[in-house]
Structure formats: C-alpha cells, structure tokens
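Structure file my_file_28.cif; described as mmCIF, C-alpha atoms.
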```cif
data_entry
#
loop_
_atom_site.label_atom_id
_atom_site.label_comp_id
_atom_site.auth_asym_id
_atom_site.auth_seq_id
_atom_site.Cartn_x
_atom_site.Cartn_y
_atom_site.Cartn_z
CA MET A 17 49.30 -13.18 36.21
CA THR A 18 48.75 -9.45 36.17
CA ARG A 19 48.60 -9.37 32.38
CA TYR A 20 45.46 -11.56 32.47
CA LEU A 21 43.76 -9.31 35.00
CA PRO A 22 41.98 -7.06 32.38
CA PHE A 23 40.48 -10.12 30.68
CA LEU A 24 39.29 -11.54 34.02
CA LEU A 25 37.63 -8.23 34.85
CA ILE A 26 35.83 -8.17 31.47
CA LEU A 27 34.56 -11.73 31.98
CA LEU A 28 33.33 -10.80 35.46
CA LEU A 29 31.46 -7.76 34.13
CA LEU A 30 29.82 -9.77 31.36
CA GLN A 31 28.73 -12.43 33.81
CA CYS A 32 27.15 -9.82 36.06
CA ALA A 33 25.50 -8.07 33.15
CA GLY A 34 23.89 -11.20 31.69
CA PRO A 35 20.88 -11.61 33.99
CA ARG A 36 20.23 -7.88 34.04
CA ARG A 37 20.04 -7.67 30.26
CA ALA A 38 17.23 -10.20 30.25
CA GLY A 39 15.49 -8.42 33.13
CA PHE A 40 15.62 -5.03 31.42
CA GLU A 41 14.43 -6.28 28.03
CA SER A 42 11.78 -3.83 26.81
CA SER A 43 8.33 -4.92 25.71
CA TYR A 44 9.20 -3.97 22.14
CA GLN A 45 12.35 -6.11 22.25
CA LYS A 46 10.28 -9.07 23.36
CA ALA A 47 7.84 -8.46 20.51
CA LEU A 48 10.71 -8.07 18.08
CA ASN A 49 12.25 -11.38 19.12
CA ALA A 50 8.88 -13.09 18.58
CA TYR A 51 8.54 -11.41 15.17
CA TYR A 52 11.93 -12.63 13.93
CA ALA A 53 11.28 -16.11 15.32
CA SER A 54 8.08 -16.27 13.26
CA LEU A 55 10.04 -15.43 10.12
CA ASP A 56 12.55 -18.19 10.83
CA ASP A 57 10.18 -21.10 11.49
CA ARG A 58 6.83 -19.63 10.29
CA ASP A 59 5.23 -20.54 13.61
CA PHE A 60 3.01 -17.47 13.44
CA ASN A 61 0.62 -18.49 16.21
CA LYS A 62 3.47 -18.86 18.69
CA ALA A 63 4.80 -15.43 17.77
CA LEU A 64 1.33 -13.90 18.06
CA GLN A 65 0.86 -15.39 21.52
CA LYS A 66 4.06 -13.74 22.72
CA ILE A 67 3.24 -10.38 21.16
CA ASP A 68 -0.30 -10.54 22.57
CA GLN A 69 1.20 -10.98 26.04
CA VAL A 70 3.32 -7.88 25.48
CA LEU A 71 0.31 -5.85 24.32
CA GLN A 72 -1.86 -7.05 27.22
CA ALA A 73 0.74 -5.65 29.59
CA ASN A 74 1.14 -2.44 27.56
CA PRO A 75 -1.80 -1.78 25.17
CA GLY A 76 -0.33 1.56 24.10
CA ASP A 77 2.87 -0.01 22.72
CA LEU A 78 2.48 1.03 19.07
CA GLU A 79 5.85 -0.43 18.07
CA SER A 80 4.74 -3.91 19.20
CA ARG A 81 1.34 -3.48 17.57
CA ILE A 82 2.87 -2.71 14.16
CA LEU A 83 5.05 -5.82 14.56
CA ARG A 84 1.92 -7.89 15.25
CA ALA A 85 0.34 -6.45 12.10
CA GLN A 86 3.37 -7.60 10.15
CA VAL A 87 3.10 -11.10 11.60
CA TYR A 88 -0.54 -11.17 10.46
CA LEU A 89 0.58 -10.03 7.01
CA SER A 90 3.17 -12.82 6.85
CA GLN A 91 0.55 -15.33 7.97
CA TYR A 92 -1.77 -14.13 5.24
CA ARG A 93 1.03 -14.27 2.67
CA PHE A 94 2.14 -17.82 3.44
CA GLN A 95 -1.11 -19.43 4.59
CA GLN A 96 -3.83 -17.45 2.74
CA ASN A 97 -5.50 -17.08 6.13
CA ALA A 98 -8.56 -14.81 5.84
CA ASN A 99 -8.74 -14.35 9.62
CA ALA A 100 -5.15 -13.10 9.63
CA ARG A 101 -6.11 -10.59 6.96
CA ASP A 102 -9.02 -9.25 9.04
CA ARG A 103 -6.84 -9.01 12.14
CA LEU A 104 -4.18 -7.21 10.13
CA LEU A 105 -6.77 -4.60 9.14
CA ARG A 106 -7.96 -4.23 12.73
CA ASP A 107 -4.40 -3.52 13.84
CA LEU A 108 -3.87 -1.00 11.03
CA GLN A 109 -7.09 0.79 12.01
CA SER A 110 -6.07 0.74 15.68
CA LEU A 111 -2.65 2.15 14.82
CA GLU A 112 -4.19 4.96 12.79
CA ARG A 113 -6.34 5.93 15.78
CA GLY A 114 -3.41 5.62 18.19
CA LEU A 115 -0.95 7.78 16.28
CA ARG A 116 -1.05 11.40 17.38
CA PRO A 117 1.23 14.26 16.32
CA GLY A 118 3.92 14.84 18.91
CA ASP A 119 3.63 11.42 20.54
CA ALA A 120 6.82 9.95 21.92
CA THR A 121 6.70 6.96 19.57
CA SER A 122 9.60 5.85 17.42
CA ASP A 123 9.98 7.94 14.26
CA TRP A 124 9.59 4.89 12.01
CA VAL A 125 6.15 3.77 13.28
CA ALA A 126 4.00 6.13 11.18
CA PRO A 127 5.84 5.40 7.91
CA ARG A 128 5.69 1.66 8.62
CA LEU A 129 1.92 1.83 9.08
CA TYR A 130 1.64 2.92 5.44
CA THR A 131 4.40 0.71 4.02
CA THR A 132 2.69 -2.28 5.67
CA THR A 133 -0.59 -1.23 4.03
CA GLY A 134 1.22 -0.94 0.70
CA ASP A 135 2.67 -4.42 1.20
CA TRP A 136 -0.80 -5.84 1.82
CA LEU A 137 -2.30 -4.17 -1.29
CA LEU A 138 0.67 -5.28 -3.39
CA LEU A 139 0.11 -8.83 -2.17
CA GLU A 140 -3.59 -8.62 -3.07
CA GLY A 141 -2.66 -7.38 -6.55
CA ASN A 142 -0.21 -10.23 -7.07
CA TYR A 143 -2.80 -12.79 -5.95
CA GLN A 144 -5.42 -11.36 -8.29
CA LEU A 145 -3.02 -11.38 -11.23
CA ILE A 146 -2.15 -15.03 -10.60
CA ARG A 147 -5.84 -15.97 -10.40
CA LEU A 148 -6.55 -14.05 -13.56
CA ASP A 149 -3.72 -15.77 -15.43
CA THR A 150 -5.12 -19.19 -14.54
CA ALA A 151 -8.66 -18.24 -15.61
CA GLN A 152 -8.07 -15.89 -18.53
CA VAL A 153 -8.49 -18.56 -21.21
CA GLN A 154 -12.10 -18.95 -20.05
CA LEU A 155 -12.89 -15.22 -20.19
CA SER A 156 -13.94 -13.05 -23.10
CA ALA A 157 -11.64 -10.14 -24.00
CA PRO A 158 -13.88 -7.40 -22.44
CA ARG A 159 -14.28 -9.32 -19.17
CA ARG A 160 -10.56 -10.03 -19.04
CA SER A 161 -9.76 -6.36 -19.66
CA ALA A 162 -12.14 -5.25 -16.87
CA ASN A 163 -10.60 -7.75 -14.43
CA VAL A 164 -7.08 -6.58 -15.26
CA THR A 165 -8.21 -2.99 -14.67
CA GLY A 166 -9.25 -4.09 -11.18
CA VAL A 167 -5.71 -5.36 -10.55
CA TYR A 168 -4.34 -2.05 -11.87
CA ALA A 169 -6.49 -0.28 -9.26
CA LEU A 170 -4.94 -2.46 -6.52
CA TYR A 171 -1.39 -1.64 -7.60
CA ARG A 172 -2.30 2.02 -7.86
CA ALA A 173 -3.70 1.92 -4.30
CA ALA A 174 -0.45 0.35 -3.09
CA HIS A 175 1.44 3.16 -4.83
CA HIS A 176 -0.58 5.78 -2.91
CA TYR A 177 0.31 4.27 0.47
CA TYR A 178 3.99 3.77 -0.35
CA ALA A 179 4.23 7.35 -1.65
CA TYR A 180 2.70 8.71 1.53
CA ALA A 181 5.02 6.55 3.67
CA ASP A 182 7.96 7.92 1.69
CA SER A 183 6.86 11.51 2.35
CA LEU A 184 6.44 10.78 6.09
CA ALA A 185 9.84 9.11 6.27
CA HIS A 186 11.50 12.21 4.82
CA LEU A 187 9.67 14.62 7.12
CA GLU A 188 11.10 13.12 10.27
CA ARG A 189 14.58 13.95 11.60
CA GLU A 190 16.16 14.81 8.29
CA GLU A 191 19.51 15.68 9.91
CA ALA A 192 19.96 12.53 11.97
CA PRO A 193 17.49 9.84 10.88
CA SER A 194 17.32 6.73 13.02
CA PRO A 195 18.20 3.32 11.54
CA GLY A 196 14.50 2.41 11.66
CA LEU A 197 13.56 5.51 9.69
CA LEU A 198 16.26 4.86 7.09
CA LYS A 199 14.89 1.32 6.73
CA GLU A 200 11.38 2.69 6.10
CA ARG A 201 12.68 5.07 3.47
CA GLN A 202 14.18 2.14 1.59
CA HIS A 203 11.06 0.06 2.23
CA ALA A 204 8.86 2.76 0.71
CA ARG A 205 11.18 3.16 -2.27
CA ASP A 206 11.24 -0.60 -2.94
CA GLY A 207 7.46 -0.69 -2.62
CA LEU A 208 7.05 2.13 -5.14
CA ILE A 209 9.23 0.22 -7.61
CA HIS A 210 7.09 -2.92 -7.27
CA ALA A 211 3.85 -0.94 -7.49
CA HIS A 212 5.08 0.73 -10.68
CA GLN A 213 5.98 -2.65 -12.13
CA GLY A 214 2.47 -3.91 -11.36
CA MET A 215 0.78 -0.87 -12.90
CA LEU A 216 2.91 -1.08 -16.04
CA GLU A 217 2.20 -4.79 -16.45
CA THR A 218 -1.55 -4.39 -16.02
CA LEU A 219 -1.84 -1.32 -18.26
CA TYR A 220 -0.09 -3.27 -21.00
CA ARG A 221 -2.69 -6.03 -20.62
CA VAL A 222 -5.58 -3.55 -20.58
CA ASP A 223 -4.46 -2.17 -23.95
CA PRO A 224 -2.10 -4.74 -25.53
CA ASN A 225 -2.49 -3.28 -29.03
CA ARG A 226 -1.66 0.24 -27.81
CA ARG A 227 -4.72 1.85 -29.34
CA ALA A 228 -5.93 3.89 -26.32
CA PRO A 229 -4.01 7.20 -26.15
CA GLN A 230 -4.67 7.93 -22.47
CA THR A 231 -3.59 4.45 -21.39
CA GLN A 232 -0.37 4.81 -23.35
CA ALA A 233 0.22 8.27 -21.87
CA ARG A 234 -0.11 6.75 -18.40
CA ARG A 235 2.28 3.95 -19.28
CA GLN A 236 4.86 6.44 -20.56
CA ARG A 237 4.62 8.54 -17.40
CA LEU A 238 4.96 5.43 -15.23
CA MET A 239 8.00 4.28 -17.21
CA ASP A 240 9.65 7.67 -16.69
CA GLN A 241 8.95 7.51 -12.96
CA PHE A 242 10.11 3.89 -12.82
CA GLY A 243 13.45 4.88 -14.31
CA ARG A 244 13.87 7.66 -11.76
CA LEU A 245 13.09 5.29 -8.91
CA LEU A 246 15.65 2.75 -10.12
CA TYR A 247 18.32 5.47 -10.11
CA GLY A 248 17.35 6.62 -6.62
CA GLN A 249 15.78 9.88 -7.77
CA SER A 250 12.56 11.43 -6.48
CA ILE A 251 9.40 11.21 -8.55
CA GLN A 252 6.99 13.97 -9.34
CA GLY A 253 3.23 13.83 -9.26
CA PRO A 254 0.26 14.34 -6.95
CA ARG A 255 0.34 12.58 -3.62
CA MET A 256 -2.78 11.65 -1.73
CA PRO A 257 -3.40 13.63 1.49
CA SER A 258 -3.46 11.62 4.70
CA ALA A 259 -7.24 12.08 5.05
CA ALA A 260 -7.73 10.23 1.74
CA LEU A 261 -5.63 7.30 2.99
CA THR A 262 -7.73 6.65 6.07
CA PHE A 263 -8.68 3.15 7.22
CA ASP A 264 -12.31 4.19 7.73
CA PRO A 265 -14.55 2.56 5.04
CA SER A 266 -17.26 5.22 5.43
CA VAL A 267 -14.84 7.98 4.46
CA HIS A 268 -13.81 6.05 1.35
CA ARG A 269 -17.46 5.51 0.45
CA ALA A 270 -18.17 9.25 0.61
CA ALA A 271 -15.05 9.97 -1.48
CA ALA A 272 -16.03 7.34 -4.09
CA ILE A 273 -19.47 8.92 -4.48
CA TYR A 274 -17.91 12.38 -4.80
CA TYR A 275 -15.41 11.38 -7.50
CA ASP A 276 -18.04 9.34 -9.34
CA SER A 277 -20.30 12.39 -9.54
CA ARG A 278 -17.38 14.57 -10.64
CA ASN A 279 -16.60 12.05 -13.37
CA LEU A 280 -20.18 12.32 -14.65
CA GLN A 281 -19.99 16.13 -14.61
CA VAL A 282 -16.74 16.16 -16.56
CA ALA A 283 -18.17 13.61 -19.02
CA GLU A 284 -21.16 15.88 -19.65
CA THR A 285 -18.88 18.87 -20.17
CA LEU A 286 -16.72 16.86 -22.54
CA GLU A 287 -19.78 15.81 -24.52
CA GLU A 288 -20.87 19.45 -24.83
CA ARG A 289 -17.39 20.54 -25.98
CA CYS A 290 -17.28 17.73 -28.52
CA ALA A 291 -20.62 18.83 -29.96
CA ALA A 292 -19.37 22.43 -30.11
CA GLY A 293 -16.17 21.42 -31.94
CA ALA A 294 -13.78 22.60 -29.21
CA ALA A 295 -10.02 22.67 -29.79
CA PRO A 296 -8.20 19.31 -29.42
CA ALA A 297 -6.17 20.62 -26.47
CA VAL A 298 -9.38 21.45 -24.57
CA LEU A 299 -10.87 18.04 -25.33
CA ASP A 300 -7.69 16.23 -24.31
CA SER A 301 -7.55 18.11 -21.00
CA LEU A 302 -11.16 17.18 -20.20
CA TRP A 303 -10.57 13.59 -21.28
CA HIS A 304 -7.55 13.32 -18.99
CA ARG A 305 -9.54 14.81 -16.10
CA ARG A 306 -12.39 12.36 -16.67
CA ILE A 307 -10.03 9.39 -16.41
CA ARG A 308 -8.45 10.88 -13.28
CA MET A 309 -11.89 11.14 -11.63
CA ALA A 310 -12.63 7.53 -12.61
CA GLU A 311 -9.29 6.41 -11.13
CA GLU A 312 -9.98 8.15 -7.82
CA ALA A 313 -13.55 6.81 -7.63
CA ALA A 314 -12.25 3.26 -8.27
CA PHE A 315 -9.51 3.68 -5.63
CA HIS A 316 -11.87 4.81 -2.89
CA HIS A 317 -14.53 2.23 -3.73
CA LEU A 318 -11.83 -0.47 -3.70
CA MET A 319 -10.61 0.61 -0.25
CA GLU A 320 -14.18 0.84 1.05
CA GLU A 321 -14.73 -2.79 0.06
CA LEU A 322 -11.38 -4.09 1.32
CA LEU A 323 -11.45 -2.37 4.71
CA ARG A 324 -14.76 -3.92 5.74
CA PRO A 325 -14.64 -7.12 7.86
CA GLY A 326 -14.50 -10.03 5.46
CA GLY A 327 -14.14 -7.64 2.54
CA GLN A 328 -12.86 -9.11 -0.71
CA VAL A 329 -11.55 -7.86 -4.01
CA LYS A 330 -14.37 -7.95 -6.54
CA GLN A 331 -13.76 -9.05 -10.08
CA GLY A 332 -13.68 -6.04 -12.38
CA GLU A 333 -16.64 -7.36 -14.35
CA ASP A 334 -18.73 -7.25 -11.13
CA ASP A 335 -17.69 -3.77 -10.02
CA ARG A 336 -19.32 -0.72 -11.64
CA PHE A 337 -16.50 1.61 -10.60
CA ILE A 338 -13.88 -0.65 -12.18
CA GLN A 339 -16.01 -1.02 -15.31
CA ASN A 340 -16.19 2.77 -15.59
CA LEU A 341 -12.43 3.04 -15.24
CA ASN A 342 -11.90 0.30 -17.80
CA PHE A 343 -14.13 2.14 -20.28
CA GLU A 344 -12.17 5.37 -19.74
CA LEU A 345 -8.79 3.67 -20.11
CA THR A 346 -9.68 1.77 -23.28
CA SER A 347 -11.41 4.64 -25.12
CA THR A 348 -9.60 5.44 -28.36
CA LYS A 349 -10.75 9.06 -28.64
CA ALA A 350 -12.23 11.79 -26.47
CA CYS A 351 -15.50 12.17 -28.39
CA GLU A 352 -16.98 8.69 -28.34
#
```
Go through the file and emit its structure as structure tokens.
Amino acid sequence: MTRYLPFLLILLLLQCAGPRRAGFESSYQKALNAYYASLDDRDFNKALQKIDQVLQANPGDLESRILRAQVYLSQYRFQQNANARDRLLRDLQSLERGLRPGDATSDWVAPRLYTTTGDWLLLEGNYQLIRLDTAQVQLSAPRRSANVTGVYALYRAAHHYYAYADSLAHLEREEAPSPGLLKERQHARDGLIHAHQGMLETLYRVDPNRRAPQTQARRQRLMDQFGRLLYGQSIQGPRMPSAALTFDPSVHRAAAIYYDSRNLQVAETLEERCAAGAAPAVLDSLWHRRIRMAEEAAFHHLMEELLRPGGQVKQGEDDRFIQNLNFELTSTKACE
C-alpha cells in the first residue's frame, strides 16, 4: 500500500489545483483561448464577444487587444468583411497610442503590432493581384502596368512594416528572448520573404520584356535579398523610421506631399543635367533618386488612403501617385 502513496498524493494535489487554475486564469489567457477557438471553428463573432468582455474589464490589456486585432484580420481574410477591416485598423491605431517606452507589456506586443500590419497589407496585395488577373484581359497594356504597380506598392508597404517589426524583435532581450519574441522574429522573417516574392512578381509584370534598367536593378537587388532571407541571413538596406510607419493618415498625407515635391525637384535637376550633357554616373544617380522619391510618395499616399475609415485600394490607373511611380519604373533611359 505504501508504494502507491506517492501517486495518491499527486492525484490529490492535482484535484485541489484544478479549480484554482481556472480561477487564476489571466485576462490574456482568456483572450488567447478565444483566439485559438476562432481559428479552429472560424466562429469569429463568438471569439470577439469573449475578448470584448476581457477588454471591458481591463481596457489597458494590450496583449488581448492585439489578439482581437488578429481575429479581425482572420475574419477579413476568410469572410471579406469590410467592417472587420475597419475594426482591425481601429485596434492597430489604439495599440500604437497605447504603447509607451518602458511599459510593462510583453516584449512581443510591439513587434506583433507591425507584423500584423504587414500581414494585412500582404493580404490586400494578394487580393488585388487576384482581381487583376481576372480582369487583365479587358485592360490595355498601360492600364494593366499601372494597376500592377499599385500592387507592387502594397507589397513594398508590407515589407516596410515587417522590416521594422524585425528590428524591434531584435532590440528586445537579446540575451534571453521570450518564446513570444522568438515567434515574432520568425513571423517577421516569413513576412519579409512573402513581401519579397510579391514585389518580384509584380516588378516582372510591370516590365515583362526587361527594357527598363531601373526596374531590373530593383529586381536584382530584391533577388539578392530574397536569397539571403531564405538562408536566414540579415538583409541590408534602408529601414523606415517608426514615425514614417504611423497609423495616422494625416502624417502620411504630409509625407506624400513632401516626397512628391522632392520627386519634382529631382526631375527638374535631372532634366537640367541631361541638357548639359552630364556624365552617365551623375544621370544614373539622379534617376535612381527620382524613382526612390516616387516610391516613397506612393507608399505614404497608399497608407493615407488605406488608414481612413472605409478606405480602399485605388486602381493604379486612378491614382496619380501610382501613375507617377509607374512612369518612373518603366522609363527606359534617364533623359526622356
């Protein structure tokens, strides 16, 4: 009988611990259970009701709020629910305002804010590409090229947010990262791979005959970075500052106007250098800078449109900023 005593004690302890575990379940654990349940049966409204109850009791629970944003994203992905998309954006904007340096939030929350944004933009890019593929036979070549450039801008925007999430995930607790932070590092890396795939695919469609030098230079750089990502290496290149990745449409509007004016200034300088017969290296540098300004203007104008309530992705043929970018990408020489 005595040899069974340890097992009886263990069973007794487990029985006593059972009710307490349920009683001490944190608000985040409740939200997490609702989140995983929504993934299993896609009953998103039921999950949202449970997470809303958690947030009503604790409005400052950022971990539960980011989970609710992800439920909205899943609802938008599977049901094409425009209301879910708007609520997702409201949660992302609320999270941005709620995050403060030094807060006692989990180390993975800030990176996940930006990986979730990247996931949303990647989803928008995929949707636009599918719609374009079904309608492209009815479009002229210039209109099709402009629309594909708009999808390129979406994938490029996703890349910006994933890259910033990756940098945040490597700033926090480098010596002993939490499991959640390690997950966000992988999430950001996977997102960067998918964003690169999207940009490569769309740039190929923008210039299928490979006649535009700057477009091909961008494709080559993206292919090099894509290879590094696949092998788990870091990628080089400029990363957007956090202020440029805000969820405030008015900030993006001001940035779009700034980069648009800079693009015009560089274009005027390039025209003057062309007339003066400047060296090819000088012309190429100005040409590259002009496209970069057009890319940034298109990015900020895109985010300004998307972050507004009910905002939608415009077709490239209806968007002046995208048309400008398309012209820059498809130019065959600097002095045109």
**Message:** Calculated over all atoms listed in the file, which of the candidates A:Leu139, A:Leu111, A:Leu184, A:Ala291 has the smallest distance to Tyr92 in chain A?
**Reply:**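 Smallest separation from Tyr92 in chain A among the options: A:Leu139.
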**Selection: 7 Å around Pro127 in chain A, all atoms listed in the file, excl. self and same-chain fewer than 4 positions, as a ChimeraX atom specification** = /A:131,181,184-185,200
**Request:** In the coordinates of the file, take the point (-9.0, -0.6, -30.6) and a cut-off of 9 Å; then, counting all atoms listed in the file, name each qualifying protein, DNA or RNA residue as a ChimeraX atom specification.
**Result:** /A:223,225-228,346-348
To test the calculation: enclose all listed atoms of range 288-291 of chain A in a box whose edges run along x, y and z, add 5 Å on each side, then state centre and edge lengths in Å to one decimal, as lines of an AutoDock Vina configuration file.
```
center_x = -19.1
center_y = 19.1
center_z = -27.4
size_x = 13.6
size_y = 12.8
size_z = 15.1
```
Answer key for the PyMOL selection byres ((chain A and resi 128) around 10), residues as a PDB file with C-alpha atoms, in the frame of the given file:
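Wrote out-v8.pdb, looks like this:
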```pdb
ATOM      1  CA  GLU A  79       5.850  -0.430  18.070  1.00  0.00           C
ATOM      2  CA  ILE A  82       2.870  -2.710  14.160  1.00  0.00           C
ATOM      3  CA  LEU A  83       5.050  -5.820  14.560  1.00  0.00           C
ATOM      4  CA  GLN A  86       3.370  -7.600  10.150  1.00  0.00           C
ATOM      5  CA  ASP A 123       9.980   7.940  14.260  1.00  0.00           C
ATOM      6  CA  TRP A 124       9.590   4.890  12.010  1.00  0.00           C
ATOM      7  CA  VAL A 125       6.150   3.770  13.280  1.00  0.00           C
ATOM      8  CA  ALA A 126       4.000   6.130  11.180  1.00  0.00           C
ATOM      9  CA  PRO A 127       5.840   5.400   7.910  1.00  0.00           C
ATOM     10  CA  LEU A 129       1.920   1.830   9.080  1.00  0.00           C
ATOM     11  CA  TYR A 130       1.640   2.920   5.440  1.00  0.00           C
ATOM     12  CA  THR A 131       4.400   0.710   4.020  1.00  0.00           C
ATOM     13  CA  THR A 132       2.690  -2.280   5.670  1.00  0.00           C
ATOM     14  CA  THR A 133      -0.590  -1.230   4.030  1.00  0.00           C
ATOM     15  CA  GLY A 134       1.220  -0.940   0.700  1.00  0.00           C
ATOM     16  CA  TYR A 178       3.990   3.770  -0.350  1.00  0.00           C
ATOM     17  CA  ALA A 181       5.020   6.550   3.670  1.00  0.00           C
ATOM     18  CA  ASP A 182       7.960   7.920   1.690  1.00  0.00           C
ATOM     19  CA  LEU A 184       6.440  10.780   6.090  1.00  0.00           C
ATOM     20  CA  ALA A 185       9.840   9.110   6.270  1.00  0.00           C
ATOM     21  CA  GLY A 196      14.500   2.410  11.660  1.00  0.00           C
ATOM     22  CA  LEU A 197      13.560   5.510   9.690  1.00  0.00           C
ATOM     23  CA  LYS A 199      14.890   1.320   6.730  1.00  0.00           C
ATOM     24  CA  GLU A 200      11.380   2.690   6.100  1.00  0.00           C
ATOM     25  CA  ARG A 201      12.680   5.070   3.470  1.00  0.00           C
ATOM     26  CA  HIS A 203      11.060   0.060   2.230  1.00  0.00           C
ATOM     27  CA  ALA A 204       8.860   2.760   0.710  1.00  0.00           C
TER      28      ALA A 204
END
```
**Output check: residues returned by the PyMOL selection byres ((chain A and resi 148) around 12), as a list in words** = Gly141, Asn142, Tyr143, Gln144, Leu145, Ile146, Arg147, Asp149, Thr150, Ala151, Gln152, Val153, Gln154, Leu155, Arg159, Arg160, Ser161, Ala162, Asn163, Val164, Thr165, Gly166, Val167, Thr218, Arg221, Gln331 and Gly332 of chain A
**Item:** Interatomic distance (Å, one decimal) between CA of His317 in chain A and CA of Leu245 in chain A
**Value:** 28.3 Å
**Item:** Picked residues, the PyMOL selection byres ((chain A and resi 268-278) around 6), expected as a list of chain:residue names
**Value:**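 Applying the PyMOL selection byres ((chain A and resi 268-278) around 6) to the structure shown produces A:Pro265, A:Ser266, A:Val267, A:Asn279, A:Leu280, A:Gln281, A:Met309, A:Ala313, A:His316, A:His317, A:Glu320.
If you look at CA of Glu140 in chain A and CA of Gln230 in chain A, they are 25.5 Å away from each other.
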**Asked** Near Lys62 in chain A, counting only C-alpha atoms, which residues have an atom at most 12 Å away, once you skip same-chain residues fewer than 2 positions from it, shown as a list in words?
**Response** Ala47, Asn49, Ala50, Tyr51, Tyr52, Ala53, Ser54, Leu55, Asp57, Arg58, Asp59, Phe60, Leu64, Gln65, Lys66, Ile67, Asp68, Gln69, Arg84, Val87, Tyr88 and Gln91 of chain A
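CA of Arg106 in chain A is positioned 25.5 Å from CA of Phe337 in chain A.
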**Prompt:** Looking at A:Ala259, A:Leu216, A:Ile307, A:Ala157, which one is nearest to Glu333 in chain A, with distances taken over all atoms listed in the file?
**Reply:** A:Ala157
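You can rank A:Ala179, A:Leu105, A:Leu71, A:Leu187 by their closest distance to Arg205 in chain A using all atoms listed in the file, and at the top of that list sits A:Ala179.
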**Request:** Rank A:Gly114, A:Gln328, A:Tyr220, A:Leu286 by their smallest atom-to-atom distance to Asp300 in chain A, using all atoms listed in the file, and report the top residue only.
**Result:** A:Leu286
Per-residue nearest contacts of range 141-183 of chain A to range 208-215 of chain A (6 Å; all atoms listed in the file) as a Markdown table:
```
| residue | atom | partner | partner_atom | distance |
| --- | --- | --- | --- | --- |
| A:Tyr168 | CA | A:Met215 | CA | 5.4 |
| A:Tyr171 | CA | A:Ala211 | CA | 5.3 |
| A:His175 | CA | A:Ala211 | CA | 5.4 |
| A:Tyr178 | CA | A:Leu208 | CA | 5.9 |
```
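Minimum distance to Glu321 in chain A across A:Leu170, A:Ile251, A:Ala292, A:Leu198 (counting all atoms listed in the file) occurs at A:Leu170.
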**Prompt:** Taking all atoms listed in the file into account, which of A:Ala314, A:Ala233, A:Leu341, A:Ala73 comes nearest Val329 in chain A?
**Reply:**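 Checking each candidate against Val329 in chain A, we get A:Ala314 as the closest.
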